[in-house]
Each structure stands twice: as C-alpha cells, then as structure tokens.
Amino acid sequence: MSEQHMDGTVAVDPSRNGTGFLVLLRHGQTVWSESGQHTGRTNIPLTAVGERQAREAGDRLREAFPGGFDEGCVFSSPLVRARQTAELAGFAPRELDGIAEWDYGPAEGRTRRQISEAAGFAWDIWRDGPRSLPESLQGDWTETLPGGAKVPVHNGPGESLEEAAARAKGAIDEVLPLLREGHNVLLVAHAHILRILTSQWLGVDPHFARLLRLDTAHYSVLSVYKGDNVIERWNA
C-alpha cells in the first residue's frame, strides 16, 4: 500500500487532504457462497468456516488499522451474514441499507446454470441483469439448508445494475462526512454491492465492478490520493 508505515499499517497523511480510509469487508462463507447460488436479500447465516473467517478478518484489520475505527464509523448491511461477520470480527456496526446486496430478483437462490436453463439463454448478471429473466421465475419458496434450517426465498423483479449503483453511491454520500473529518470508515457487506460501490467511488461505469474479485472475509481499502479517489489495497 502506498504511503504505508514500515510495519504495514496505514494512516491518513497529507497527500489525502486529511480524508480517512473507506474500508470494505465482505462477509464470511455461507452455504450458498459455496454452492454458487445467488445470495441477494435471502438471510443465509455464516457457516462454521465463515465464522472463523470473520474472526480472522478482524485480526487482519486490527493489524492494518491498530487505532481501530471510531464510534459510529462501522456499518454493516442489514442482512444477517454481514452483521455476523462484523460482530465476530469484533465490531459493533450500525446498519446501512444502502450496502445490502444487489437484489437478484428471479435469480435469487439459483445458480447461473439453473438460471440459464430456465431462461433459455446463457444469462450473465453483468450483461443482462435480473430484469431480463422471465416472470415465470418470480415467486416465493423455502430453502432447507444442510443443517435443516429453513429460510424463505423471495424472487421479485430484482434490481438493475444502475439502480444498485445509485444505491451504493447513496451509501458513499452517507459516510462521506465522516471520511472528510478524517475518520476511517468500515463497511461490512457483500461481494457484488461492494464491487459496485467501488466503481462509484472511482467515478466509472458500474460494469467495471465485474473485473474486481473480492473473496469471502477479505477486505479492501479505498482512499483519496493527491485529489483522486483510488483503490489503495484490494482483496487483502
């Protein structure tokens, strides 16, 4: 990371005009992140592996930011897997609706292969979006997880990429005053929305987000460097 300390930690410096770091943490593993089922608004909890990943992510964040995050500067998606990750990592988050995962609509709970077979074409979320899918895939059903727990799944019309990007931009606007005051801000959320949010931080087309890999319980850092919004560290 540029301008980092010799021990690997990071700090606000004059090149950033006193602006804090915006830190993004993806939630830990779930059964659907392993199976490849699209997990948007369904409340899937972490697996035991995901819980361990969350604790380890907290350790890595404390190494990088030994000063921690000030009160009121940690936010999570309202979805349980994000809240669990934040809490197991050692933080007490406030909920921020703007960083809930992309609403996949008819794709929710289904793998890309299942969606393509049902839709009759090789569906791609970035190219086609949820609203390209037939209404016949909409509805409500119940998923039984490997441990026996049952979770409700809702397949609505979904959210376009542009709508998700506007929502992510709104979340940035909400935390921007804290960043400008010099606070570091932590957002604990989901792979797609955090990648989309990054595109909005950079001021580029949200389709750029497909080029950013963000693994479970990995964090990234966004910052201002010499007047430009930049990616400081990615997928750490």
# chains A, B, ... in the order shown; residues from 1 in each chain; ligands from 1
call {"tool": "select_by_dssp", "arguments": {"residues": "chain A", "states": "strand (DSSP E or B)", "output": "PyMOL selection string"}}
result
chain A and resi 22-26+74-76+94-95+139-144+150-155+185-189+219-225+228-233
call {"tool": "residues_around", "arguments": {"residues": "segment 168-170 of chain A", "least_positions_apart": "5", "cutoff": "8 Å", "atoms": "only C-alpha atoms", "output": "list in words"}}
result
Gly98, Ile99, Ile193, Leu194, Ile196, Leu197, Gln200 and Trp201 of chain A
call {"tool": "write_last_selection", "arguments": {"atoms": "all heavy atoms", "output": "PDB file, in the first residue's frame"}}
result
ATOM      1  N   GLY A  98     -28.104   0.988   2.329  1.00  0.00           N
ATOM      2  CA  GLY A  98     -27.512   1.177   1.011  1.00  0.00           C
ATOM      3  C   GLY A  98     -26.485   0.149   0.619  1.00  0.00           C
ATOM      4  O   GLY A  98     -26.129   0.043  -0.564  1.00  0.00           O
ATOM      5  N   ILE A  99     -25.989  -0.638   1.593  1.00  0.00           N
ATOM      6  CA  ILE A  99     -24.998  -1.660   1.261  1.00  0.00           C
ATOM      7  C   ILE A  99     -25.563  -3.081   1.391  1.00  0.00           C
ATOM      8  O   ILE A  99     -24.808  -4.051   1.476  1.00  0.00           O
ATOM      9  CB  ILE A  99     -23.696  -1.507   2.075  1.00  0.00           C
ATOM     10  CG1 ILE A  99     -23.975  -1.498   3.582  1.00  0.00           C
ATOM     11  CG2 ILE A  99     -22.957  -0.249   1.652  1.00  0.00           C
ATOM     12  CD1 ILE A  99     -22.708  -1.513   4.437  1.00  0.00           C
ATOM     13  N   ILE A 193     -22.230  -5.794  -4.183  1.00  0.00           N
ATOM     14  CA  ILE A 193     -22.507  -4.388  -3.872  1.00  0.00           C
ATOM     15  C   ILE A 193     -21.235  -3.642  -3.504  1.00  0.00           C
ATOM     16  O   ILE A 193     -21.091  -2.450  -3.832  1.00  0.00           O
ATOM     17  CB  ILE A 193     -23.589  -4.255  -2.764  1.00  0.00           C
ATOM     18  CG1 ILE A 193     -24.181  -2.831  -2.768  1.00  0.00           C
ATOM     19  CG2 ILE A 193     -23.034  -4.624  -1.399  1.00  0.00           C
ATOM     20  CD1 ILE A 193     -24.911  -2.457  -4.037  1.00  0.00           C
ATOM     21  N   LEU A 194     -20.274  -4.305  -2.877  1.00  0.00           N
ATOM     22  CA  LEU A 194     -19.023  -3.623  -2.544  1.00  0.00           C
ATOM     23  C   LEU A 194     -18.191  -3.351  -3.790  1.00  0.00           C
ATOM     24  O   LEU A 194     -17.516  -2.320  -3.889  1.00  0.00           O
ATOM     25  CB  LEU A 194     -18.220  -4.437  -1.528  1.00  0.00           C
ATOM     26  CG  LEU A 194     -18.823  -4.496  -0.116  1.00  0.00           C
ATOM     27  CD1 LEU A 194     -17.977  -5.389   0.783  1.00  0.00           C
ATOM     28  CD2 LEU A 194     -18.958  -3.095   0.493  1.00  0.00           C
ATOM     29  N   ILE A 196     -19.546  -2.901  -6.787  1.00  0.00           N
ATOM     30  CA  ILE A 196     -20.278  -1.814  -7.450  1.00  0.00           C
ATOM     31  C   ILE A 196     -19.996  -0.487  -6.751  1.00  0.00           C
ATOM     32  O   ILE A 196     -19.783   0.544  -7.399  1.00  0.00           O
ATOM     33  CB  ILE A 196     -21.782  -2.133  -7.465  1.00  0.00           C
ATOM     34  CG1 ILE A 196     -22.050  -3.350  -8.362  1.00  0.00           C
ATOM     35  CG2 ILE A 196     -22.592  -0.931  -7.940  1.00  0.00           C
ATOM     36  CD1 ILE A 196     -23.448  -3.938  -8.212  1.00  0.00           C
ATOM     37  N   LEU A 197     -19.992  -0.502  -5.427  1.00  0.00           N
ATOM     38  CA  LEU A 197     -19.684   0.711  -4.664  1.00  0.00           C
ATOM     39  C   LEU A 197     -18.306   1.244  -5.031  1.00  0.00           C
ATOM     40  O   LEU A 197     -18.109   2.462  -5.158  1.00  0.00           O
ATOM     41  CB  LEU A 197     -19.775   0.411  -3.168  1.00  0.00           C
ATOM     42  CG  LEU A 197     -19.558   1.576  -2.199  1.00  0.00           C
ATOM     43  CD1 LEU A 197     -20.410   1.394  -0.943  1.00  0.00           C
ATOM     44  CD2 LEU A 197     -18.096   1.709  -1.793  1.00  0.00           C
ATOM     45  N   GLN A 200     -18.357   3.279  -8.075  1.00  0.00           N
ATOM     46  CA  GLN A 200     -18.921   4.605  -7.844  1.00  0.00           C
ATOM     47  C   GLN A 200     -17.938   5.510  -7.106  1.00  0.00           C
ATOM     48  O   GLN A 200     -17.919   6.720  -7.323  1.00  0.00           O
ATOM     49  CB  GLN A 200     -20.241   4.480  -7.072  1.00  0.00           C
ATOM     50  CG  GLN A 200     -21.296   3.663  -7.814  1.00  0.00           C
ATOM     51  CD  GLN A 200     -21.485   4.135  -9.240  1.00  0.00           C
ATOM     52  OE1 GLN A 200     -22.075   5.188  -9.492  1.00  0.00           O
ATOM     53  NE2 GLN A 200     -20.966   3.372 -10.215  1.00  0.00           N
ATOM     54  N   TRP A 201     -17.120   4.934  -6.245  1.00  0.00           N
ATOM     55  CA  TRP A 201     -16.048   5.702  -5.599  1.00  0.00           C
ATOM     56  C   TRP A 201     -15.068   6.232  -6.652  1.00  0.00           C
ATOM     57  O   TRP A 201     -14.620   7.377  -6.583  1.00  0.00           O
ATOM     58  CB  TRP A 201     -15.317   4.821  -4.592  1.00  0.00           C
ATOM     59  CG  TRP A 201     -14.170   5.479  -3.914  1.00  0.00           C
ATOM     60  CD1 TRP A 201     -12.843   5.364  -4.229  1.00  0.00           C
ATOM     61  CD2 TRP A 201     -14.223   6.372  -2.791  1.00  0.00           C
ATOM     62  NE1 TRP A 201     -12.068   6.121  -3.389  1.00  0.00           N
ATOM     63  CE2 TRP A 201     -12.897   6.760  -2.491  1.00  0.00           C
ATOM     64  CE3 TRP A 201     -15.262   6.884  -2.015  1.00  0.00           C
ATOM     65  CZ2 TRP A 201     -12.586   7.623  -1.439  1.00  0.00           C
ATOM     66  CZ3 TRP A 201     -14.964   7.751  -0.971  1.00  0.00           C
ATOM     67  CH2 TRP A 201     -13.637   8.102  -0.696  1.00  0.00           C
TER      68      TRP A 201
END
call {"tool": "closest_residue", "arguments": {"among": "A:Arg180, A:Arg110, A:Arg55, A:Arg94", "to": "Gly36 of chain A", "atoms": "only C-alpha atoms"}}
result
A:Arg110
call {"tool": "closest_atom_pairs", "arguments": {"of": "segment 9-66 of chain A", "to": "segment 151-164 of chain A", "cutoff": "12 Å", "atoms": "only C-alpha atoms", "output": "tab-separated table"}}
result
residue	atom	partner	partner_atom	distance
A:Trp32	CA	A:Val151	CA	11.9
A:Gln37	CA	A:Val153	CA	11.7
A:His38	CA	A:Val153	CA	11.0
A:Thr39	CA	A:Val153	CA	9.6
A:Gly40	CA	A:Gly158	CA	9.5
A:Arg41	CA	A:His154	CA	8.1
A:Thr42	CA	A:Val153	CA	5.8
A:Asn43	CA	A:Val151	CA	7.1
A:Ile44	CA	A:Val151	CA	7.3
A:Pro45	CA	A:Val151	CA	9.8
call {"tool": "atom_distance", "arguments": {"atom1": "atom CA of Tyr219 of chain A", "atom2": "atom CA of Leu61 of chain A"}}
result
8.0 Å
call {"tool": "residues_around", "arguments": {"residues": "Leu186 of chain A", "least_positions_apart": "6", "cutoff": "7 Å", "atoms": "only C-alpha atoms", "output": "list in words"}}
result
Leu22, Val23, Leu24, Cys73, Val74 and Phe75 of chain A
call {"tool": "closest_residue", "arguments": {"among": "A:Ala236, A:Leu88, A:Val224, A:Leu212", "to": "Gly18 of chain A", "atoms": "only C-alpha atoms"}}
result
A:Val224
call {"tool": "residues_around", "arguments": {"residues": "Ile125 of chain A", "least_positions_apart": "2", "cutoff": "12 Å", "atoms": "only C-alpha atoms", "output": "mmCIF file with all heavy atoms, in the first residue's frame"}}
result
data_model
loop_
_atom_site.group_PDB
_atom_site.id
_atom_site.type_symbol
_atom_site.label_atom_id
_atom_site.label_comp_id
_atom_site.auth_asym_id
_atom_site.auth_seq_id
_atom_site.Cartn_x
_atom_site.Cartn_y
_atom_site.Cartn_z
ATOM 1 N N HIS A 38 -27.099 -17.619 -6.123
ATOM 2 C CA HIS A 38 -27.113 -16.167 -5.966
ATOM 3 C C HIS A 38 -27.766 -15.799 -4.633
ATOM 4 O O HIS A 38 -28.905 -16.175 -4.367
ATOM 5 C CB HIS A 38 -27.860 -15.514 -7.122
ATOM 6 C CG HIS A 38 -27.081 -15.494 -8.394
ATOM 7 N ND1 HIS A 38 -26.902 -16.610 -9.179
ATOM 8 C CD2 HIS A 38 -26.396 -14.481 -9.009
ATOM 9 C CE1 HIS A 38 -26.159 -16.286 -10.228
ATOM 10 N NE2 HIS A 38 -25.842 -15.008 -10.148
ATOM 11 N N TRP A 102 -27.010 -6.672 -3.885
ATOM 12 C CA TRP A 102 -27.779 -6.495 -5.111
ATOM 13 C C TRP A 102 -29.013 -7.403 -5.041
ATOM 14 O O TRP A 102 -28.920 -8.574 -4.675
ATOM 15 C CB TRP A 102 -26.893 -6.898 -6.283
ATOM 16 C CG TRP A 102 -27.377 -6.552 -7.664
ATOM 17 C CD1 TRP A 102 -28.590 -6.053 -8.026
ATOM 18 C CD2 TRP A 102 -26.614 -6.696 -8.875
ATOM 19 N NE1 TRP A 102 -28.647 -5.882 -9.385
ATOM 20 C CE2 TRP A 102 -27.444 -6.266 -9.934
ATOM 21 C CE3 TRP A 102 -25.335 -7.150 -9.169
ATOM 22 C CZ2 TRP A 102 -27.021 -6.277 -11.265
ATOM 23 C CZ3 TRP A 102 -24.910 -7.150 -10.479
ATOM 24 C CH2 TRP A 102 -25.735 -6.722 -11.514
ATOM 25 N N ASP A 103 -30.163 -6.860 -5.362
ATOM 26 C CA ASP A 103 -31.404 -7.639 -5.391
ATOM 27 C C ASP A 103 -31.446 -8.399 -6.712
ATOM 28 O O ASP A 103 -31.685 -7.818 -7.769
ATOM 29 C CB ASP A 103 -32.614 -6.709 -5.257
ATOM 30 C CG ASP A 103 -33.937 -7.459 -5.176
ATOM 31 O OD1 ASP A 103 -33.958 -8.669 -5.484
ATOM 32 O OD2 ASP A 103 -34.949 -6.827 -4.826
ATOM 33 N N TYR A 104 -31.227 -9.720 -6.647
ATOM 34 C CA TYR A 104 -31.120 -10.530 -7.849
ATOM 35 C C TYR A 104 -32.466 -10.943 -8.437
ATOM 36 O O TYR A 104 -32.504 -11.555 -9.509
ATOM 37 C CB TYR A 104 -30.310 -11.796 -7.550
ATOM 38 C CG TYR A 104 -28.910 -11.533 -7.075
ATOM 39 C CD1 TYR A 104 -28.433 -12.130 -5.914
ATOM 40 C CD2 TYR A 104 -28.055 -10.705 -7.785
ATOM 41 C CE1 TYR A 104 -27.140 -11.900 -5.474
ATOM 42 C CE2 TYR A 104 -26.756 -10.470 -7.345
ATOM 43 C CZ TYR A 104 -26.306 -11.075 -6.186
ATOM 44 O OH TYR A 104 -25.026 -10.850 -5.759
ATOM 45 N N GLY A 105 -33.543 -10.621 -7.746
ATOM 46 C CA GLY A 105 -34.859 -10.916 -8.295
ATOM 47 C C GLY A 105 -35.049 -12.385 -8.619
ATOM 48 O O GLY A 105 -34.864 -13.262 -7.774
ATOM 49 N N PRO A 106 -35.403 -12.716 -9.874
ATOM 50 C CA PRO A 106 -35.652 -14.116 -10.236
ATOM 51 C C PRO A 106 -34.433 -15.026 -10.092
ATOM 52 O O PRO A 106 -34.574 -16.244 -10.045
ATOM 53 C CB PRO A 106 -36.076 -14.012 -11.712
ATOM 54 C CG PRO A 106 -36.586 -12.611 -11.860
ATOM 55 C CD PRO A 106 -35.716 -11.793 -10.954
ATOM 56 N N ALA A 107 -33.235 -14.438 -10.034
ATOM 57 C CA ALA A 107 -32.012 -15.242 -9.908
ATOM 58 C C ALA A 107 -31.738 -15.670 -8.475
ATOM 59 O O ALA A 107 -30.904 -16.567 -8.241
ATOM 60 C CB ALA A 107 -30.814 -14.454 -10.442
ATOM 61 N N GLU A 108 -32.417 -15.076 -7.524
ATOM 62 C CA GLU A 108 -32.157 -15.358 -6.104
ATOM 63 C C GLU A 108 -32.289 -16.846 -5.793
ATOM 64 O O GLU A 108 -33.267 -17.502 -6.149
ATOM 65 C CB GLU A 108 -33.139 -14.570 -5.239
ATOM 66 C CG GLU A 108 -32.918 -14.709 -3.745
ATOM 67 C CD GLU A 108 -31.714 -13.936 -3.242
ATOM 68 O OE1 GLU A 108 -31.177 -13.102 -4.020
ATOM 69 O OE2 GLU A 108 -31.305 -14.138 -2.086
ATOM 70 N N THR A 111 -28.397 -21.074 -9.144
ATOM 71 C CA THR A 111 -27.069 -20.978 -9.737
ATOM 72 C C THR A 111 -27.185 -20.392 -11.140
ATOM 73 O O THR A 111 -28.272 -20.366 -11.745
ATOM 74 C CB THR A 111 -26.392 -22.349 -9.832
ATOM 75 O OG1 THR A 111 -27.134 -23.173 -10.756
ATOM 76 C CG2 THR A 111 -26.329 -23.032 -8.467
ATOM 77 N N ARG A 112 -26.063 -19.961 -11.672
ATOM 78 C CA ARG A 112 -26.073 -19.396 -13.027
ATOM 79 C C ARG A 112 -26.543 -20.447 -14.036
ATOM 80 O O ARG A 112 -27.270 -20.127 -14.975
ATOM 81 C CB ARG A 112 -24.670 -18.894 -13.375
ATOM 82 C CG ARG A 112 -24.574 -18.222 -14.725
ATOM 83 C CD ARG A 112 -23.201 -17.622 -14.933
ATOM 84 N NE ARG A 112 -23.057 -17.076 -16.278
ATOM 85 C CZ ARG A 112 -21.961 -16.475 -16.719
ATOM 86 N NH1 ARG A 112 -20.923 -16.328 -15.908
ATOM 87 N NH2 ARG A 112 -21.889 -16.022 -17.957
ATOM 88 N N ARG A 113 -26.132 -21.687 -13.839
ATOM 89 C CA ARG A 113 -26.557 -22.747 -14.758
ATOM 90 C C ARG A 113 -28.065 -22.957 -14.696
ATOM 91 O O ARG A 113 -28.724 -23.067 -15.742
ATOM 92 C CB ARG A 113 -25.835 -24.048 -14.413
ATOM 93 C CG ARG A 113 -26.226 -25.216 -15.313
ATOM 94 C CD ARG A 113 -25.414 -26.458 -14.978
ATOM 95 N NE ARG A 113 -25.821 -27.595 -15.792
ATOM 96 C CZ ARG A 113 -25.263 -28.795 -15.724
ATOM 97 N NH1 ARG A 113 -24.261 -29.014 -14.890
ATOM 98 N NH2 ARG A 113 -25.689 -29.776 -16.496
ATOM 99 N N ILE A 115 -30.305 -20.811 -13.814
ATOM 100 C CA ILE A 115 -30.971 -19.641 -14.386
ATOM 101 C C ILE A 115 -30.947 -19.706 -15.915
ATOM 102 O O ILE A 115 -31.956 -19.472 -16.588
ATOM 103 C CB ILE A 115 -30.298 -18.350 -13.889
ATOM 104 C CG1 ILE A 115 -30.408 -18.238 -12.370
ATOM 105 C CG2 ILE A 115 -30.914 -17.131 -14.566
ATOM 106 C CD1 ILE A 115 -29.416 -17.273 -11.759
ATOM 107 N N SER A 116 -29.794 -20.037 -16.472
ATOM 108 C CA SER A 116 -29.653 -20.101 -17.924
ATOM 109 C C SER A 116 -30.565 -21.169 -18.515
ATOM 110 O O SER A 116 -31.187 -20.955 -19.574
ATOM 111 C CB SER A 116 -28.194 -20.368 -18.300
ATOM 112 O OG SER A 116 -27.355 -19.299 -17.883
ATOM 113 N N ALA A 122 -27.845 -18.094 -22.275
ATOM 114 C CA ALA A 122 -26.687 -18.065 -21.365
ATOM 115 C C ALA A 122 -26.683 -16.743 -20.609
ATOM 116 O O ALA A 122 -26.044 -15.770 -21.019
ATOM 117 C CB ALA A 122 -25.395 -18.260 -22.149
ATOM 118 N N TRP A 123 -27.385 -16.724 -19.497
ATOM 119 C CA TRP A 123 -27.584 -15.494 -18.728
ATOM 120 C C TRP A 123 -26.308 -15.063 -18.036
ATOM 121 O O TRP A 123 -25.559 -15.876 -17.483
ATOM 122 C CB TRP A 123 -28.685 -15.725 -17.696
ATOM 123 C CG TRP A 123 -29.013 -14.536 -16.846
ATOM 124 C CD1 TRP A 123 -29.754 -13.450 -17.214
ATOM 125 C CD2 TRP A 123 -28.632 -14.317 -15.489
ATOM 126 N NE1 TRP A 123 -29.866 -12.566 -16.164
ATOM 127 C CE2 TRP A 123 -29.183 -13.082 -15.095
ATOM 128 C CE3 TRP A 123 -27.875 -15.061 -14.567
ATOM 129 C CZ2 TRP A 123 -29.002 -12.561 -13.818
ATOM 130 C CZ3 TRP A 123 -27.694 -14.545 -13.298
ATOM 131 C CH2 TRP A 123 -28.256 -13.305 -12.926
ATOM 132 N N ARG A 127 -24.115 -8.481 -17.820
ATOM 133 C CA ARG A 127 -24.583 -8.076 -19.150
ATOM 134 C C ARG A 127 -26.100 -7.941 -19.207
ATOM 135 O O ARG A 127 -26.635 -6.985 -19.786
ATOM 136 C CB ARG A 127 -24.126 -9.121 -20.175
ATOM 137 C CG ARG A 127 -24.491 -8.783 -21.622
ATOM 138 C CD ARG A 127 -24.259 -9.982 -22.535
ATOM 139 N NE ARG A 127 -25.147 -11.101 -22.184
ATOM 140 C CZ ARG A 127 -24.733 -12.367 -22.145
ATOM 141 N NH1 ARG A 127 -23.477 -12.683 -22.393
ATOM 142 N NH2 ARG A 127 -25.606 -13.321 -21.826
ATOM 143 N N ASP A 128 -26.798 -8.900 -18.596
ATOM 144 C CA ASP A 128 -28.246 -8.989 -18.767
ATOM 145 C C ASP A 128 -29.054 -8.442 -17.598
ATOM 146 O O ASP A 128 -30.153 -7.922 -17.790
ATOM 147 C CB ASP A 128 -28.641 -10.451 -19.007
ATOM 148 C CG ASP A 128 -27.898 -11.059 -20.181
ATOM 149 O OD1 ASP A 128 -27.855 -10.417 -21.249
ATOM 150 O OD2 ASP A 128 -27.340 -12.163 -20.022
ATOM 151 N N GLY A 129 -28.541 -8.600 -16.380
ATOM 152 C CA GLY A 129 -29.257 -8.131 -15.205
ATOM 153 C C GLY A 129 -30.453 -8.986 -14.838
ATOM 154 O O GLY A 129 -30.945 -9.769 -15.659
ATOM 155 N N PRO A 130 -30.960 -8.849 -13.617
ATOM 156 C CA PRO A 130 -32.096 -9.661 -13.166
ATOM 157 C C PRO A 130 -33.375 -9.441 -13.960
ATOM 158 O O PRO A 130 -34.181 -10.360 -14.118
ATOM 159 C CB PRO A 130 -32.277 -9.227 -11.709
ATOM 160 C CG PRO A 130 -30.944 -8.685 -11.296
ATOM 161 C CD PRO A 130 -30.389 -8.044 -12.525
ATOM 162 N N ARG A 131 -33.585 -8.255 -14.468
ATOM 163 C CA ARG A 131 -34.872 -7.950 -15.110
ATOM 164 C C ARG A 131 -34.990 -8.501 -16.521
ATOM 165 O O ARG A 131 -36.042 -8.341 -17.148
ATOM 166 C CB ARG A 131 -35.115 -6.450 -15.076
ATOM 167 C CG ARG A 131 -35.353 -5.971 -13.653
ATOM 168 C CD ARG A 131 -35.752 -4.538 -13.565
ATOM 169 N NE ARG A 131 -36.033 -4.171 -12.190
ATOM 170 C CZ ARG A 131 -36.164 -2.926 -11.763
ATOM 171 N NH1 ARG A 131 -36.050 -1.924 -12.618
ATOM 172 N NH2 ARG A 131 -36.419 -2.671 -10.495
ATOM 173 N N SER A 132 -33.931 -9.136 -17.012
ATOM 174 C CA SER A 132 -34.020 -9.804 -18.311
ATOM 175 C C SER A 132 -34.656 -11.180 -18.185
ATOM 176 O O SER A 132 -34.960 -11.819 -19.196
ATOM 177 C CB SER A 132 -32.619 -9.960 -18.912
ATOM 178 O OG SER A 132 -31.841 -10.871 -18.133
ATOM 179 N N LEU A 133 -34.859 -11.649 -16.953
ATOM 180 C CA LEU A 133 -35.354 -13.004 -16.719
ATOM 181 C C LEU A 133 -36.881 -13.047 -16.765
ATOM 182 O O LEU A 133 -37.557 -12.076 -16.422
ATOM 183 C CB LEU A 133 -34.848 -13.509 -15.365
ATOM 184 C CG LEU A 133 -33.323 -13.653 -15.282
ATOM 185 C CD1 LEU A 133 -32.883 -13.968 -13.862
ATOM 186 C CD2 LEU A 133 -32.834 -14.727 -16.249
ATOM 187 N N GLY A 158 -36.428 -7.843 -9.075
ATOM 188 C CA GLY A 158 -34.997 -7.572 -8.977
ATOM 189 C C GLY A 158 -34.636 -6.119 -9.218
ATOM 190 O O GLY A 158 -35.501 -5.255 -9.384
ATOM 191 N N GLU A 159 -33.353 -5.864 -9.264
ATOM 192 C CA GLU A 159 -32.800 -4.513 -9.312
ATOM 193 C C GLU A 159 -31.808 -4.446 -10.475
ATOM 194 O O GLU A 159 -30.977 -5.342 -10.644
ATOM 195 C CB GLU A 159 -32.090 -4.279 -7.976
ATOM 196 C CG GLU A 159 -31.515 -2.928 -7.721
ATOM 197 C CD GLU A 159 -30.893 -2.845 -6.327
ATOM 198 O OE1 GLU A 159 -30.338 -3.866 -5.836
ATOM 199 O OE2 GLU A 159 -30.952 -1.761 -5.720
ATOM 200 N N SER A 160 -31.873 -3.396 -11.266
ATOM 201 C CA SER A 160 -30.911 -3.239 -12.349
ATOM 202 C C SER A 160 -29.545 -2.862 -11.779
ATOM 203 O O SER A 160 -29.434 -2.383 -10.639
ATOM 204 C CB SER A 160 -31.375 -2.161 -13.329
ATOM 205 O OG SER A 160 -31.274 -0.876 -12.734
ATOM 206 N N LEU A 161 -28.513 -3.057 -12.569
ATOM 207 C CA LEU A 161 -27.168 -2.662 -12.142
ATOM 208 C C LEU A 161 -27.120 -1.168 -11.854
ATOM 209 O O LEU A 161 -26.501 -0.731 -10.874
ATOM 210 C CB LEU A 161 -26.153 -3.028 -13.227
ATOM 211 C CG LEU A 161 -24.713 -2.569 -12.997
ATOM 212 C CD1 LEU A 161 -24.153 -3.111 -11.689
ATOM 213 C CD2 LEU A 161 -23.826 -2.987 -14.176
ATOM 214 N N HIS A 192 -20.917 -8.334 -4.517
ATOM 215 C CA HIS A 192 -21.351 -7.535 -5.652
ATOM 216 C C HIS A 192 -21.534 -6.067 -5.283
ATOM 217 O O HIS A 192 -21.052 -5.180 -5.989
ATOM 218 C CB HIS A 192 -22.648 -8.099 -6.236
ATOM 219 C CG HIS A 192 -22.405 -9.149 -7.277
ATOM 220 N ND1 HIS A 192 -23.210 -10.266 -7.407
ATOM 221 C CD2 HIS A 192 -21.457 -9.279 -8.226
ATOM 222 C CE1 HIS A 192 -22.765 -11.018 -8.400
ATOM 223 N NE2 HIS A 192 -21.698 -10.453 -8.909
ATOM 224 N N HIS A 207 -20.248 -1.333 -14.666
ATOM 225 C CA HIS A 207 -19.832 -2.609 -15.253
ATOM 226 C C HIS A 207 -18.369 -2.925 -14.947
ATOM 227 O O HIS A 207 -17.958 -4.086 -15.008
ATOM 228 C CB HIS A 207 -20.058 -2.598 -16.771
ATOM 229 C CG HIS A 207 -21.504 -2.691 -17.158
ATOM 230 N ND1 HIS A 207 -22.298 -1.573 -17.315
ATOM 231 C CD2 HIS A 207 -22.308 -3.768 -17.400
ATOM 232 C CE1 HIS A 207 -23.518 -1.953 -17.654
ATOM 233 N NE2 HIS A 207 -23.565 -3.263 -17.706
ATOM 234 N N ALA A 209 -17.126 -3.096 -12.219
ATOM 235 C CA ALA A 209 -17.089 -3.895 -10.993
ATOM 236 C C ALA A 209 -16.885 -5.378 -11.264
ATOM 237 O O ALA A 209 -16.358 -6.098 -10.411
ATOM 238 C CB ALA A 209 -18.377 -3.677 -10.194
ATOM 239 N N ARG A 210 -17.285 -5.859 -12.445
ATOM 240 C CA ARG A 210 -17.119 -7.279 -12.742
ATOM 241 C C ARG A 210 -15.651 -7.683 -12.787
ATOM 242 O O ARG A 210 -15.321 -8.865 -12.668
ATOM 243 C CB ARG A 210 -17.823 -7.654 -14.041
ATOM 244 C CG ARG A 210 -17.101 -7.243 -15.320
ATOM 245 C CD ARG A 210 -17.868 -7.713 -16.569
ATOM 246 N NE ARG A 210 -18.023 -9.158 -16.563
ATOM 247 C CZ ARG A 210 -19.007 -9.794 -17.187
ATOM 248 N NH1 ARG A 210 -19.924 -9.101 -17.869
ATOM 249 N NH2 ARG A 210 -19.070 -11.120 -17.162
#
call {"tool": "atom_distance", "arguments": {"atom1": "atom CA of Asn235 of chain A", "atom2": "atom CA of Ser220 of chain A"}}
result
5.3 Å
call {"tool": "residues_around", "arguments": {"residues": "Phe208 of chain A", "least_positions_apart": "3", "cutoff": "7 Å", "atoms": "only C-alpha atoms", "output": "short mmCIF file (atom, residue, chain, number, x, y, z; two decimals) with C-alpha atoms, in the first residue's frame"}}
result
data_model
loop_
_atom_site.label_atom_id
_atom_site.label_comp_id
_atom_site.auth_asym_id
_atom_site.auth_seq_id
_atom_site.Cartn_x
_atom_site.Cartn_y
_atom_site.Cartn_z
CA SER A 199 -16.91 1.69 -9.18
CA ASP A 205 -19.19 2.76 -15.23
CA LEU A 211 -13.32 -7.00 -13.05
#
call {"tool": "closest_residue", "arguments": {"among": "A:Ala217, A:Val188, A:Phe21, A:Ile231", "to": "Ala64 of chain A", "atoms": "only C-alpha atoms"}}
result
A:Phe21
call {"tool": "select_by_dssp", "arguments": {"residues": "chain A", "states": "helix (DSSP H, G or I)", "output": "NGL selection string"}}
result
:A and (14-16 or 31-35 or 48-64 or 80-88 or 97-99 or 105-107 or 112-119 or 125-128 or 130-132 or 135-137 or 161-180 or 191-202 or 206-211)
call {"tool": "residues_around", "arguments": {"residues": "Glu71 of chain A", "least_positions_apart": "4", "cutoff": "10 Å", "atoms": "only C-alpha atoms", "output": "PDB file with C-alpha atoms, in the first residue's frame"}}
result
ATOM      1  CA  PHE A  91     -17.052  -4.556  15.778  1.00  0.00           C
ATOM      2  CA  ALA A  92     -20.415  -3.097  16.776  1.00  0.00           C
ATOM      3  CA  PRO A  93     -21.931  -1.954  13.478  1.00  0.00           C
ATOM      4  CA  ARG A  94     -24.731   0.388  12.583  1.00  0.00           C
ATOM      5  CA  HIS A 183     -12.257   9.156  10.294  1.00  0.00           C
ATOM      6  CA  VAL A 185     -14.923   4.050   7.961  1.00  0.00           C
TER       7      VAL A 185
END
